[in-house]
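Structure file model.cif (mmCIF, C-alpha atoms) follows.
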```cif
data_upload
loop_
_atom_site.label_atom_id
_atom_site.label_comp_id
_atom_site.auth_asym_id
_atom_site.auth_seq_id
_atom_site.Cartn_x
_atom_site.Cartn_y
_atom_site.Cartn_z
CA MET G 282 0.00 0.00 0.00
CA ASN G 283 1.62 3.26 -1.06
CA GLN G 284 2.02 6.44 0.96
CA LYS G 285 -0.64 8.31 -1.04
CA GLU G 286 -3.25 6.03 0.56
CA PHE G 287 -2.15 6.93 4.09
CA ALA G 288 -1.86 10.64 3.26
CA LYS G 289 -5.42 10.64 1.93
CA ARG G 290 -6.68 9.11 5.17
CA ARG G 291 -4.82 11.67 7.28
CA ARG G 292 -6.27 14.54 5.25
CA GLN G 293 -9.78 13.15 5.65
CA LEU G 294 -9.41 12.81 9.41
CA MET G 295 -7.96 16.31 9.78
CA ARG G 296 -10.87 17.79 7.80
CA MET G 297 -13.23 16.16 10.27
CA MET G 298 -11.21 17.40 13.25
CA GLY G 299 -11.04 21.01 12.14
CA LYS G 300 -8.35 23.59 12.90
CA ASN G 301 -7.03 24.42 16.37
CA SER G 302 -7.05 20.73 17.19
CA ILE G 303 -4.52 17.95 17.61
CA ALA G 304 -4.74 14.16 17.28
CA ILE G 305 -2.28 11.91 19.07
CA LEU G 306 -1.91 8.19 18.27
CA PRO G 307 0.70 5.97 19.94
CA SER G 308 1.97 2.88 18.14
CA ALA G 309 1.90 -0.61 19.58
CA ASN G 310 4.92 -1.58 21.66
CA THR G 311 6.84 -4.81 21.84
CA ARG G 312 5.78 -7.32 24.50
CA LEU G 313 7.87 -9.95 26.23
CA ARG G 314 6.81 -13.55 25.74
CA ASN G 315 9.25 -14.87 28.33
CA ARG G 316 12.38 -13.37 29.80
CA ASP G 317 14.15 -11.73 26.82
CA VAL G 318 12.05 -13.26 24.03
CA GLU G 319 9.42 -11.00 22.47
CA TYR G 320 6.10 -11.85 20.86
CA PRO G 321 6.07 -11.19 17.10
CA PHE G 322 5.37 -7.49 16.70
CA ARG G 323 2.13 -6.40 15.07
CA GLN G 324 1.40 -2.70 14.66
CA ASP G 325 -1.65 -1.05 16.24
CA SER G 326 -4.39 -1.02 13.59
CA ASP G 327 -5.41 2.64 13.98
CA PHE G 328 -1.79 3.78 13.93
CA MET G 329 -1.04 1.65 10.87
CA TYR G 330 -4.18 2.89 9.11
CA LEU G 331 -2.98 6.51 9.26
CA THR G 332 0.79 6.09 8.88
CA GLY G 333 1.85 2.79 7.29
CA PHE G 334 4.73 2.94 9.80
CA SER G 335 5.42 -0.56 11.09
CA GLU G 336 7.91 0.10 13.90
CA PRO G 337 7.18 0.06 17.64
CA ASP G 338 7.81 2.97 20.04
CA ALA G 339 6.37 5.69 17.84
CA ILE G 340 3.76 8.45 18.13
CA ALA G 341 1.83 10.00 15.24
CA VAL G 342 0.60 13.57 15.70
CA LEU G 343 -1.81 15.42 13.41
CA VAL G 344 -2.18 19.20 13.75
CA PRO G 345 -4.52 20.55 11.04
CA GLY G 346 -3.39 23.88 9.63
CA ARG G 347 -0.03 23.98 11.43
CA PRO G 348 2.25 26.11 9.20
CA GLU G 349 5.38 24.13 10.06
CA GLY G 350 3.74 20.83 9.08
CA GLU G 351 0.51 18.99 9.90
CA TYR G 352 1.83 15.43 10.23
CA LEU G 353 4.54 14.75 12.81
CA LEU G 354 6.10 11.44 13.74
CA PHE G 355 8.08 10.63 16.86
CA CYS G 356 10.13 7.45 16.43
CA ARG G 357 13.30 5.64 17.48
CA GLU G 358 16.58 7.14 16.34
CA LYS G 359 18.98 5.32 14.06
CA ASP G 360 21.27 3.07 16.11
CA PRO G 361 23.78 0.87 14.24
CA LEU G 362 24.37 -1.36 17.28
CA ARG G 363 20.66 -2.02 17.94
CA GLU G 364 20.00 -2.43 14.22
CA THR G 365 22.65 -5.16 14.17
CA TRP G 366 20.59 -7.04 16.76
CA ASP G 367 17.00 -6.06 15.92
CA GLY G 368 16.96 -4.87 12.31
CA TYR G 369 16.46 -1.67 10.36
CA ARG G 370 15.09 1.52 11.88
CA ALA G 371 13.82 4.37 9.73
CA GLY G 372 14.84 7.05 12.22
CA PRO G 373 13.46 10.61 12.04
CA GLU G 374 15.13 11.19 8.66
CA GLY G 375 13.54 8.05 7.23
CA ALA G 376 10.17 8.99 8.73
CA VAL G 377 10.23 12.10 6.54
CA ALA G 378 11.84 10.57 3.44
CA GLU G 379 10.07 7.19 3.40
CA TYR G 380 6.81 7.81 5.26
CA GLU G 381 6.15 11.43 4.21
CA ALA G 382 5.99 12.93 7.68
CA ASP G 383 6.20 16.72 7.51
CA ASP G 384 8.58 16.60 10.44
CA ALA G 385 9.93 13.89 12.72
CA PHE G 386 11.63 13.78 16.10
CA PRO G 387 13.34 11.19 18.31
CA ILE G 388 10.87 9.39 20.56
CA THR G 389 13.03 10.49 23.52
CA ASP G 390 12.09 14.14 22.80
CA THR G 391 8.35 13.53 23.24
CA ASP G 392 8.12 15.11 26.71
CA ASP G 393 9.94 18.22 25.50
CA ILE G 394 7.93 18.79 22.32
CA LEU G 395 4.44 17.30 22.55
CA PRO G 396 3.10 19.33 25.53
CA GLY G 397 3.97 22.51 23.61
CA LEU G 398 1.97 21.28 20.63
CA ILE G 399 -0.98 20.47 22.88
CA GLU G 400 -1.03 23.89 24.53
CA SER G 401 -1.42 25.61 21.17
CA CYS G 402 -4.61 23.67 20.36
CA GLU G 403 -8.16 23.92 21.61
CA GLY G 404 -9.28 20.34 20.95
CA VAL G 405 -7.27 17.23 21.80
CA TYR G 406 -8.26 14.03 20.01
CA TYR G 407 -6.94 11.06 21.94
CA THR G 408 -8.61 7.81 22.93
CA MET G 409 -8.19 7.06 26.61
CA GLY G 410 -7.98 3.40 27.60
CA ALA G 411 -6.46 2.03 24.41
CA HIS G 412 -2.88 2.60 25.63
CA PRO G 413 -2.91 2.70 29.46
CA GLU G 414 0.81 3.44 29.79
CA PHE G 415 0.52 6.44 27.48
CA ASP G 416 -2.68 7.61 29.21
CA SER G 417 -0.72 8.49 32.34
CA ARG G 418 1.68 10.63 30.31
CA MET G 419 -1.21 12.50 28.66
CA ILE G 420 -2.78 13.14 32.05
CA GLY G 421 0.56 14.36 33.38
CA TRP G 422 1.01 16.79 30.50
CA ALA G 423 -2.53 18.13 30.95
CA ALA G 424 -1.95 18.59 34.69
CA SER G 425 1.31 20.41 34.02
CA LEU G 426 -0.38 22.74 31.55
CA ARG G 427 -3.04 23.59 34.14
CA THR G 428 -0.37 24.78 36.55
CA GLN G 429 0.89 27.12 33.83
CA ALA G 430 -2.58 28.43 32.99
CA GLY G 431 -2.49 31.93 31.62
CA PRO G 432 -2.72 33.90 28.38
CA GLY G 433 -1.88 31.74 25.36
CA VAL G 434 -1.79 28.47 27.29
CA ASN G 435 -4.67 26.04 26.80
CA THR G 436 -5.49 23.59 29.57
CA PRO G 437 -7.65 20.85 28.05
CA ASP G 438 -10.14 19.50 30.55
CA ASP G 439 -11.49 16.83 28.21
CA PHE G 440 -9.95 14.57 25.64
CA VAL G 441 -12.15 13.85 22.65
CA ALA G 442 -12.06 10.18 21.69
CA MET G 443 -11.33 9.87 17.99
CA ASP G 444 -12.68 6.29 17.82
CA HIS G 445 -15.99 7.24 16.26
CA MET G 446 -14.53 9.28 13.41
CA LEU G 447 -11.56 7.04 12.69
CA HIS G 448 -13.42 3.76 12.99
CA ASP G 449 -16.21 4.99 10.76
CA MET G 450 -13.56 5.79 8.13
CA ARG G 451 -12.13 2.29 8.47
CA MET G 452 -15.51 0.70 7.68
CA TYR G 453 -15.46 1.87 4.05
CA LYS G 454 -12.74 0.04 2.15
CA SER G 455 -10.81 1.77 -0.64
CA ARG G 456 -9.62 0.05 -3.81
CA ALA G 457 -6.20 -0.51 -2.24
CA GLU G 458 -7.74 -2.06 0.87
CA ILE G 459 -10.03 -4.30 -1.17
CA SER G 460 -7.06 -5.41 -3.24
CA ALA G 461 -5.15 -6.39 -0.08
CA MET G 462 -8.17 -8.29 1.25
CA ARG G 463 -8.64 -10.11 -2.06
CA LYS G 464 -5.05 -11.31 -1.84
CA ALA G 465 -5.53 -12.40 1.78
CA ALA G 466 -8.71 -14.26 0.77
CA LYS G 467 -6.92 -15.96 -2.13
CA VAL G 468 -4.11 -17.27 0.05
CA ALA G 469 -6.48 -18.23 2.88
CA THR G 470 -8.66 -20.28 0.54
CA ALA G 471 -5.56 -21.99 -0.88
CA GLY G 472 -4.54 -22.91 2.66
CA HIS G 473 -7.93 -24.42 3.44
CA ALA G 474 -7.93 -26.35 0.16
CA ARG G 475 -4.48 -27.70 0.98
CA ALA G 476 -5.74 -28.92 4.36
CA MET G 477 -8.75 -30.59 2.75
CA ARG G 478 -6.53 -32.47 0.29
CA ALA G 479 -4.16 -33.57 3.05
CA ALA G 480 -6.75 -34.69 5.64
CA ALA G 481 -6.89 -38.35 6.59
CA PRO G 482 -7.90 -40.43 9.62
CA GLY G 483 -5.04 -40.83 12.08
CA MET G 484 -3.65 -37.33 11.54
CA PHE G 485 -3.51 -34.86 14.39
CA GLU G 486 -5.33 -31.56 14.27
CA TYR G 487 -2.01 -29.73 14.40
CA GLU G 488 -0.92 -31.44 11.19
CA LEU G 489 -3.77 -29.75 9.33
CA GLU G 490 -2.85 -26.50 11.07
CA ALA G 491 0.68 -26.99 9.70
CA GLU G 492 -0.63 -27.49 6.17
CA ILE G 493 -2.47 -24.18 6.32
CA GLY G 494 0.46 -22.43 7.98
CA TYR G 495 2.77 -23.67 5.24
CA GLU G 496 0.56 -22.17 2.54
CA PHE G 497 0.44 -18.84 4.39
CA ARG G 498 4.19 -18.64 4.96
CA ARG G 499 5.14 -19.74 1.44
CA ASN G 500 3.21 -16.67 0.29
CA GLY G 501 4.97 -14.45 2.84
CA LEU G 502 1.92 -14.03 5.08
CA GLN G 503 1.12 -14.56 8.75
CA HIS G 504 -2.01 -15.84 10.48
CA SER G 505 -4.52 -13.08 11.16
CA TYR G 506 -5.62 -14.90 14.35
CA ASN G 507 -4.94 -18.13 16.19
CA PRO G 508 -6.29 -20.93 13.97
CA ILE G 509 -9.04 -23.27 15.12
CA VAL G 510 -8.75 -26.90 14.02
CA GLY G 511 -11.47 -28.75 15.92
CA SER G 512 -12.34 -32.34 15.10
CA ALA G 513 -15.37 -34.27 16.35
CA ALA G 514 -16.76 -32.67 19.54
CA ASN G 515 -13.98 -30.05 19.48
CA GLY G 516 -15.85 -28.45 16.59
CA CYS G 517 -18.57 -27.51 19.07
CA VAL G 518 -16.12 -25.34 21.07
CA LEU G 519 -16.32 -21.93 19.40
CA HIS G 520 -12.85 -20.69 20.34
CA TYR G 521 -11.08 -24.05 20.52
CA ASN G 522 -7.39 -23.82 19.62
CA ASP G 523 -5.55 -26.64 21.41
CA ASN G 524 -5.43 -28.34 18.01
CA ASP G 525 -3.87 -31.50 19.44
CA ARG G 526 -6.44 -34.29 19.05
CA GLN G 527 -5.81 -37.29 16.81
CA MET G 528 -8.61 -37.43 14.25
CA GLU G 529 -10.54 -40.64 13.64
CA ASP G 530 -12.35 -42.17 10.71
CA GLY G 531 -15.86 -40.71 10.61
CA ASP G 532 -14.93 -37.40 12.28
CA LEU G 533 -15.77 -33.97 10.98
CA VAL G 534 -13.12 -31.28 11.37
CA LEU G 535 -13.90 -27.56 11.57
CA ILE G 536 -11.08 -25.26 10.48
CA ASP G 537 -11.30 -21.52 11.12
CA ALA G 538 -8.12 -19.86 9.84
CA GLY G 539 -7.09 -16.74 7.96
CA CYS G 540 -4.06 -14.69 7.00
CA GLU G 541 -3.39 -10.99 6.56
CA VAL G 542 -1.90 -8.76 3.88
CA ASP G 543 -0.62 -5.33 4.97
CA CYS G 544 -2.54 -5.92 8.22
CA TYR G 545 -5.80 -6.65 6.32
CA ALA G 546 -7.35 -9.94 7.35
CA ALA G 547 -9.09 -12.87 5.77
CA ASP G 548 -11.35 -14.96 8.01
CA VAL G 549 -12.47 -18.30 6.59
CA THR G 550 -14.12 -21.41 8.04
CA ARG G 551 -14.91 -24.74 6.46
CA THR G 552 -16.10 -28.02 7.99
CA PHE G 553 -15.40 -31.31 6.23
CA PRO G 554 -15.17 -35.07 6.87
CA VAL G 555 -11.70 -36.32 7.71
CA ASN G 556 -12.20 -39.44 5.57
CA GLY G 557 -13.51 -37.44 2.62
CA LYS G 558 -17.16 -38.51 2.83
CA PHE G 559 -19.98 -36.99 4.89
CA SER G 560 -22.11 -39.46 6.83
CA SER G 561 -25.89 -39.09 6.48
CA PRO G 562 -26.36 -37.27 9.83
CA GLN G 563 -23.37 -35.03 9.13
CA ARG G 564 -24.70 -34.17 5.69
CA GLU G 565 -28.15 -33.38 7.08
CA ILE G 566 -26.75 -30.82 9.54
CA TYR G 567 -24.27 -29.50 6.99
CA ASP G 568 -27.01 -28.82 4.45
CA VAL G 569 -28.99 -26.85 7.02
CA VAL G 570 -25.98 -24.62 7.70
CA LEU G 571 -25.34 -24.27 3.97
CA CYS G 572 -28.94 -23.15 3.36
CA ALA G 573 -28.53 -20.56 6.12
CA HIS G 574 -25.25 -19.43 4.61
CA GLU G 575 -26.75 -18.98 1.14
CA ALA G 576 -29.84 -17.22 2.50
CA ALA G 577 -27.68 -14.77 4.44
CA ILE G 578 -25.59 -13.87 1.39
CA GLU G 579 -28.79 -13.23 -0.58
CA HIS G 580 -29.65 -10.57 2.01
CA ILE G 581 -26.44 -8.58 1.67
CA ALA G 582 -26.80 -5.50 -0.52
CA PRO G 583 -26.87 -1.70 -0.15
CA GLY G 584 -30.00 -0.53 1.61
CA LEU G 585 -30.50 -3.72 3.61
CA SER G 586 -29.80 -3.61 7.32
CA TRP G 587 -27.11 -5.45 9.26
CA HIS G 588 -29.80 -7.50 10.96
CA GLU G 589 -31.52 -8.80 7.84
CA PHE G 590 -28.92 -11.36 6.80
CA HIS G 591 -28.75 -12.66 10.36
CA ASP G 592 -32.55 -13.02 10.42
CA ALA G 593 -32.41 -14.92 7.14
CA ALA G 594 -29.83 -17.35 8.57
CA VAL G 595 -31.85 -17.79 11.76
CA ARG G 596 -34.97 -18.69 9.78
CA GLU G 597 -33.15 -21.38 7.79
CA ILE G 598 -31.38 -22.86 10.80
CA THR G 599 -34.58 -22.96 12.84
CA ARG G 600 -36.49 -24.47 9.93
CA GLY G 601 -33.79 -27.08 9.37
CA LEU G 602 -33.57 -28.06 13.04
CA LYS G 603 -37.35 -28.37 13.11
CA ASP G 604 -37.39 -30.57 10.00
CA LEU G 605 -34.81 -32.87 11.61
CA GLY G 606 -36.89 -33.16 14.78
CA ILE G 607 -34.29 -31.38 16.94
CA LEU G 608 -36.74 -28.53 17.56
CA LYS G 609 -40.48 -29.00 17.88
CA GLY G 610 -43.26 -26.45 17.43
CA ARG G 611 -44.44 -23.77 15.03
CA LEU G 612 -41.61 -22.14 13.09
CA ALA G 613 -42.69 -18.60 13.97
CA ASP G 614 -42.92 -19.45 17.66
CA LEU G 615 -39.53 -21.17 17.66
CA ILE G 616 -37.92 -18.12 16.07
CA LYS G 617 -39.67 -15.71 18.42
CA LYS G 618 -38.52 -17.52 21.55
CA GLU G 619 -35.04 -18.12 20.07
CA ALA G 620 -35.24 -21.88 20.42
CA TYR G 621 -32.25 -22.17 18.09
CA ARG G 622 -29.92 -20.45 20.59
CA PRO G 623 -28.57 -23.64 22.26
CA PHE G 624 -27.33 -24.73 18.82
CA PHE G 625 -26.54 -21.38 17.13
CA MET G 626 -25.36 -18.98 19.80
CA HIS G 627 -23.50 -16.30 17.86
CA ARG G 628 -24.29 -13.68 15.26
CA THR G 629 -24.10 -14.58 11.57
CA GLY G 630 -21.18 -12.27 10.89
CA HIS G 631 -18.99 -9.34 11.90
CA TRP G 632 -17.13 -6.47 10.26
CA LEU G 633 -13.82 -7.45 8.69
CA GLY G 634 -10.75 -5.35 7.95
CA MET G 635 -7.50 -4.56 9.74
CA ASP G 636 -8.89 -6.37 12.76
CA VAL G 637 -10.53 -9.75 12.26
CA HIS G 638 -13.47 -8.52 14.33
CA ASP G 639 -13.13 -5.08 12.86
CA VAL G 640 -14.15 -1.72 14.24
CA GLY G 641 -17.44 -0.02 13.41
CA GLU G 642 -20.86 0.38 14.94
CA TYR G 643 -23.51 -2.26 14.29
CA ARG G 644 -26.29 0.04 15.43
CA VAL G 645 -26.73 3.76 14.74
CA ALA G 646 -29.25 5.82 16.71
CA ASP G 647 -30.58 2.57 18.15
CA GLN G 648 -31.28 1.17 14.68
CA TRP G 649 -29.40 -1.61 12.90
CA ARG G 650 -26.89 -0.10 10.52
CA MET G 651 -27.68 -0.08 6.82
CA LEU G 652 -25.21 -1.82 4.54
CA GLU G 653 -23.34 0.42 2.09
CA PRO G 654 -20.85 -0.17 -0.74
CA GLY G 655 -17.30 -0.68 0.50
CA MET G 656 -18.24 -2.39 3.75
CA MET G 657 -16.62 -5.77 4.36
CA LEU G 658 -18.10 -8.46 6.59
CA THR G 659 -18.12 -12.17 7.25
CA VAL G 660 -21.04 -14.56 6.85
CA GLU G 661 -20.66 -17.47 9.27
CA PRO G 662 -23.76 -19.37 10.37
CA GLY G 663 -23.19 -22.54 12.35
CA ILE G 664 -24.81 -25.37 14.26
CA TYR G 665 -23.13 -26.89 17.31
CA ILE G 666 -24.70 -29.94 18.96
CA SER G 667 -22.58 -30.84 21.94
CA GLU G 668 -22.48 -34.27 23.54
CA GLN G 669 -24.43 -32.73 26.45
CA HIS G 670 -27.61 -32.32 24.36
CA ARG G 671 -29.14 -35.58 25.57
CA ARG G 672 -32.56 -34.82 24.09
CA VAL G 673 -31.07 -34.76 20.59
CA LYS G 674 -30.71 -38.02 18.69
CA LYS G 675 -27.34 -39.61 19.36
CA CYS G 676 -26.38 -39.58 15.69
CA TYR G 677 -26.33 -35.75 15.74
CA ARG G 678 -24.44 -35.27 19.01
CA GLY G 679 -20.88 -34.05 18.75
CA ILE G 680 -21.47 -32.43 15.35
CA GLY G 681 -20.17 -28.87 15.05
CA ILE G 682 -20.42 -27.14 11.67
CA ARG G 683 -19.62 -23.58 10.62
CA ILE G 684 -19.27 -22.13 7.13
CA GLU G 685 -17.65 -18.71 6.85
CA ASP G 686 -16.88 -16.50 3.88
CA ASP G 687 -15.65 -12.92 3.45
CA VAL G 688 -18.12 -10.66 1.69
CA LEU G 689 -17.79 -7.17 0.20
CA VAL G 690 -20.87 -4.99 -0.18
CA THR G 691 -20.90 -3.65 -3.75
CA ARG G 692 -23.07 -1.09 -5.53
CA ASP G 693 -25.50 -3.69 -6.83
CA GLY G 694 -25.22 -6.48 -4.25
CA CYS G 695 -22.18 -8.24 -2.86
CA GLU G 696 -19.00 -10.08 -3.83
CA VAL G 697 -17.83 -13.20 -1.99
CA LEU G 698 -14.05 -12.87 -1.87
CA THR G 699 -13.55 -16.48 -0.75
CA ARG G 700 -15.81 -18.01 -3.42
CA ALA G 701 -12.93 -20.10 -4.83
CA LEU G 702 -13.05 -22.44 -1.84
CA PRO G 703 -15.71 -25.15 -2.23
CA VAL G 704 -18.72 -24.82 0.01
CA LYS G 705 -21.18 -27.44 -1.25
CA ALA G 706 -20.76 -30.90 0.25
CA GLU G 707 -20.27 -32.60 -3.13
CA ALA G 708 -17.60 -30.11 -4.15
CA ILE G 709 -15.74 -30.59 -0.87
CA GLU G 710 -15.82 -34.37 -1.28
CA ALA G 711 -14.56 -34.01 -4.87
CA LEU G 712 -11.66 -31.81 -3.76
CA MET G 713 -10.70 -34.25 -1.02
CA SER G 714 -10.89 -37.16 -3.47
CA GLU G 715 -8.57 -35.26 -5.79
CA GLY G 716 -6.08 -34.96 -2.94
CA ARG G 717 -6.20 -38.68 -2.25
CA GLN G 718 -5.52 -39.46 -5.91
CA LEU G 719 -2.37 -37.37 -5.73
CA VAL G 720 -1.00 -39.32 -2.77
#
```

Mind converting the file's structure to structure tokens?
Amino acid sequence: MNQKEFAKRRRQLMRMMGKNSIAILPSANTRLRNRDVEYPFRQDSDFMYLTGFSEPDAIAVLVPGRPEGEYLLFCREKDPLRETWDGYRAGPEGAVAEYEADDAFPITDTDDILPGLIESCEGVYYTMGAHPEFDSRMIGWAASLRTQAGPGVNTPDDFVAMDHMLHDMRMYKSRAEISAMRKAAKVATAGHARAMRAAAPGMFEYELEAEIGYEFRRNGLQHSYNPIVGSAANGCVLHYNDNDRQMEDGDLVLIDAGCEVDCYAADVTRTFPVNGKFSSPQREIYDVVLCAHEAAIEHIAPGLSWHEFHDAAVREITRGLKDLGILKGRLADLIKKEAYRPFFMHRTGHWLGMDVHDVGEYRVADQWRMLEPGMMLTVEPGIYISEQHRRVKKCYRGIGIRIEDDVLVTRDGCEVLTRALPVKAEAIEALMSEGRQLV
């Protein structure tokens, strides 16, 4: 993603802020995993969205209308010794030359420079709570300014959270963002297809995780979240990620895994039989989830509300569970009293973007948000019948099925970015058979 994209976003945010204001965004910092080993660094999404700067220990500052420069970046200085150990640093000079900051300063100069920038502004845009360590510094600067109160010195009593403005911007994907998410979807679907071809009874869940991880890494990408590879009853655990069970003949396995491109995520789930062939009970539940999945996608288009595709999925799941004898009663009554909830306990989707569960309001003025072109979301209905559901026929117990695709709202409907990965039972079985023929 080129710097023009980030500059455009900064200009849009500053127009919304207005003059005599300042926005302050800290980057993510490194975190220790154990002793002197760090977790892999991943930049804060809001910071990355506005800067494209992927280093830790940095602060972005926007000051609309400032004659000396509106976009400032505080970052680590160049340090040949540390760069020998930890890798390249842009330094303040690189922040200007490579990332188009109007001016840049060493991160160690923050306390000397930033309070002076704050005192010249009337409105301070900063989100308290997102960076607790930095919060205390902001509070300290504000307190110090109050002690100096006088002509020409502003003492901000309130900080205006920029979440609403910034996160609303992030909901509408540009061409560059959509391109990144298409690439993430392409690699994610290839990883799932690889796992389907490789699956066989006797394998461990982590072996399928490794197949997907290989496909991601060979394309230079990382997981966008911890993968779920849940076989048999593990598929009924929504956030299962032990991924260590040995799979048996006759098991289903649910894989929820995605990768990210330039911090833009794919989020994909498929459920398939380890031996390559759905049993009759498995196929019956699978087809109910598939009907719900297709019905939901049919209800994604501009002008439809966020709730409508979920309602469509709920109707199909409730109808299917009723037809199988798992639920009993009138369809309308079952839906009204949410009888499906023990088996389908989550929403049918969520916003998707730089965060897997991306930012953005689902309700506006107490009404479900209307879908608009450029919005990206997942569609992921599921049915989970745990072993504890003793009133359900034994043949259905332990079956957990979820189908998830990534969907872009377009001008005339929607586009399924993950369409290349089979979703119909017959197509999944054919793909798995193809894999067995290659062995």

Straight-line distance linking CA of Tyr406 in chain G with CA of Arg296 in chain G, stated in Å to one decimal: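 About the pair CA of Tyr406 in chain G and CA of Arg296 in chain G: they are 13.0 Å apart.
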
Residues in the PyMOL selection byres ((chain G and resi 688) around 6), expressed as a ChimeraX atom specification: /G:657-659,687,689,696-698

Write the residues of the preceding selection, restricted to C-alpha atoms, as a CSV table (one decimal), in the coordinates of the input.
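Result went into result-v2.csv, see below:
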```
chain,number,residue,atom,x,y,z
G,657,MET,CA,-16.6,-5.8,4.4
G,658,LEU,CA,-18.1,-8.5,6.6
G,659,THR,CA,-18.1,-12.2,7.2
G,687,ASP,CA,-15.6,-12.9,3.4
G,689,LEU,CA,-17.8,-7.2,0.2
G,696,GLU,CA,-19.0,-10.1,-3.8
G,697,VAL,CA,-17.8,-13.2,-2.0
G,698,LEU,CA,-14.0,-12.9,-1.9
```

Residue members of the PyMOL selection byres ((chain G and resi 354) around 9) in the file shown, as number ranges by chain: G: 332, 339-343, 352-353, 355-356, 373, 376-377, 382-388

Nearest to Glu403 in chain G, chosen from G:Phe440, G:Phe559, G:Phe485, G:Trp649, with all atoms listed in the file counted in the distances: G:Phe440

Result set of the PyMOL selection byres ((chain G and resi 367) around 12) on the coordinates above, as a list in words: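 What the PyMOL selection byres ((chain G and resi 367) around 12) grabs from the file is Thr311, Val318, Glu319, Phe322, Glu336, Pro337, Lys359, Asp360, Pro361, Leu362, Arg363, Glu364, Thr365, Trp366, Gly368, Tyr369 and Arg370 of chain G.
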
Residue with smallest distance to Leu712 in chain G - pool G:Lys285, G:Arg478, G:Tyr380, G:Ala423, counting only C-alpha atoms: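 That would be G:Arg478, the residue with the smallest distance to Leu712 in chain G.
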
For CA of Ala465 in chain G and CA of Cys540 in chain G, the interatomic separation in Å (one decimal):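 These atoms are spaced 5.9 Å apart.
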
Distance query Ala513 in chain G at most 7 Å, all atoms listed in the file, self and fewer than 3 positions along chain excluded, as a ChimeraX atom specification: /G:516,532-534,679-680

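Reported to one decimal place, the separation of CA of Asp325 in chain G from CA of Ile493 in chain G is 25.2 Å.
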
Proximity to Met477 in chain G - best of G:Lys675, G:His504, G:Arg427, G:Arg551, only C-alpha atoms: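 Result for the nearest residue to Met477 in chain G: G:Arg551.
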
Contacts of Val704 in chain G within 8 Å, only C-alpha atoms, excl. fewer than 2 positions in-chain, as a ChimeraX atom specification: /G:551,571,684,702,706,708-709

How would the residues just picked look written out with C-alpha atoms as an mmCIF file, in the coordinates of the input?
```
data_model
loop_
_atom_site.group_PDB
_atom_site.id
_atom_site.type_symbol
_atom_site.label_atom_id
_atom_site.label_comp_id
_atom_site.auth_asym_id
_atom_site.auth_seq_id
_atom_site.Cartn_x
_atom_site.Cartn_y
_atom_site.Cartn_z
ATOM 1 C CA ARG G 551 -14.910 -24.740 6.460
ATOM 2 C CA LEU G 571 -25.340 -24.270 3.970
ATOM 3 C CA ILE G 684 -19.270 -22.130 7.130
ATOM 4 C CA LEU G 702 -13.050 -22.440 -1.840
ATOM 5 C CA ALA G 706 -20.760 -30.900 0.250
ATOM 6 C CA ALA G 708 -17.600 -30.110 -4.150
ATOM 7 C CA ILE G 709 -15.740 -30.590 -0.870
#
```

Which of G:Thr470, G:Thr599, G:Thr691, G:Asn301 sits closest to Phe497 in chain G [using only C-alpha atoms]: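 Going through G:Thr470, G:Thr599, G:Thr691, G:Asn301 one by one, the smallest distance to Phe497 in chain G is for G:Thr470.
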
Spatial neighbours of Arg622 in chain G, max dist 10 Å, only C-alpha atoms, sep filter under 4 positions, as a PyMOL selection string: chain G and resi 595+599+616+618+626-627+664-665

Write a file of the selected residues as a PDB file, in the coordinates of the input, keeping C-alpha atoms.
```pdb
ATOM      1  CA  VAL G 595     -31.850 -17.790  11.760  1.00  0.00           C
ATOM      2  CA  THR G 599     -34.580 -22.960  12.840  1.00  0.00           C
ATOM      3  CA  ILE G 616     -37.920 -18.120  16.070  1.00  0.00           C
ATOM      4  CA  LYS G 618     -38.520 -17.520  21.550  1.00  0.00           C
ATOM      5  CA  MET G 626     -25.360 -18.980  19.800  1.00  0.00           C
ATOM      6  CA  HIS G 627     -23.500 -16.300  17.860  1.00  0.00           C
ATOM      7  CA  ILE G 664     -24.810 -25.370  14.260  1.00  0.00           C
ATOM      8  CA  TYR G 665     -23.130 -26.890  17.310  1.00  0.00           C
TER       9      TYR G 665
END
```

Residues within 12 Å of Ile578 in chain G, all atoms listed in the file, excluding chain neighbours under 3 positions, as JSON, numbers by chain: {"G": [571, 572, 573, 574, 575, 581, 582, 585, 587, 589, 590, 591, 592, 593, 594, 629, 630, 658, 659, 660, 661, 662, 684, 685, 686, 687, 688, 689, 690, 694, 695, 696, 697, 700]}

Given all atoms listed in the file as the counted atoms, nearest of G:Ala457, G:Ala309, G:Ala620, G:Ala304 to Lys289 in chain G: G:Ala457

For N, CA and C atoms, please extract range 666-670 of chain G from the block and return it as a compact mmCIF listing (two decimals), in the first residue's frame.
```
# COMPACT_ATOMS: atom_id res chain seq x y z
N ILE G 666 -23.89 -29.03 18.13
CA ILE G 666 -24.70 -29.94 18.96
C ILE G 666 -23.74 -30.71 19.85
N SER G 667 -23.56 -30.22 21.05
CA SER G 667 -22.58 -30.84 21.94
C SER G 667 -23.08 -32.20 22.43
N GLU G 668 -22.14 -32.95 22.99
CA GLU G 668 -22.48 -34.27 23.54
C GLU G 668 -23.45 -34.14 24.70
N GLN G 669 -23.55 -32.96 25.30
CA GLN G 669 -24.43 -32.73 26.45
C GLN G 669 -25.91 -32.61 26.08
N HIS G 670 -26.20 -32.46 24.79
CA HIS G 670 -27.61 -32.32 24.36
C HIS G 670 -28.26 -33.70 24.31
```
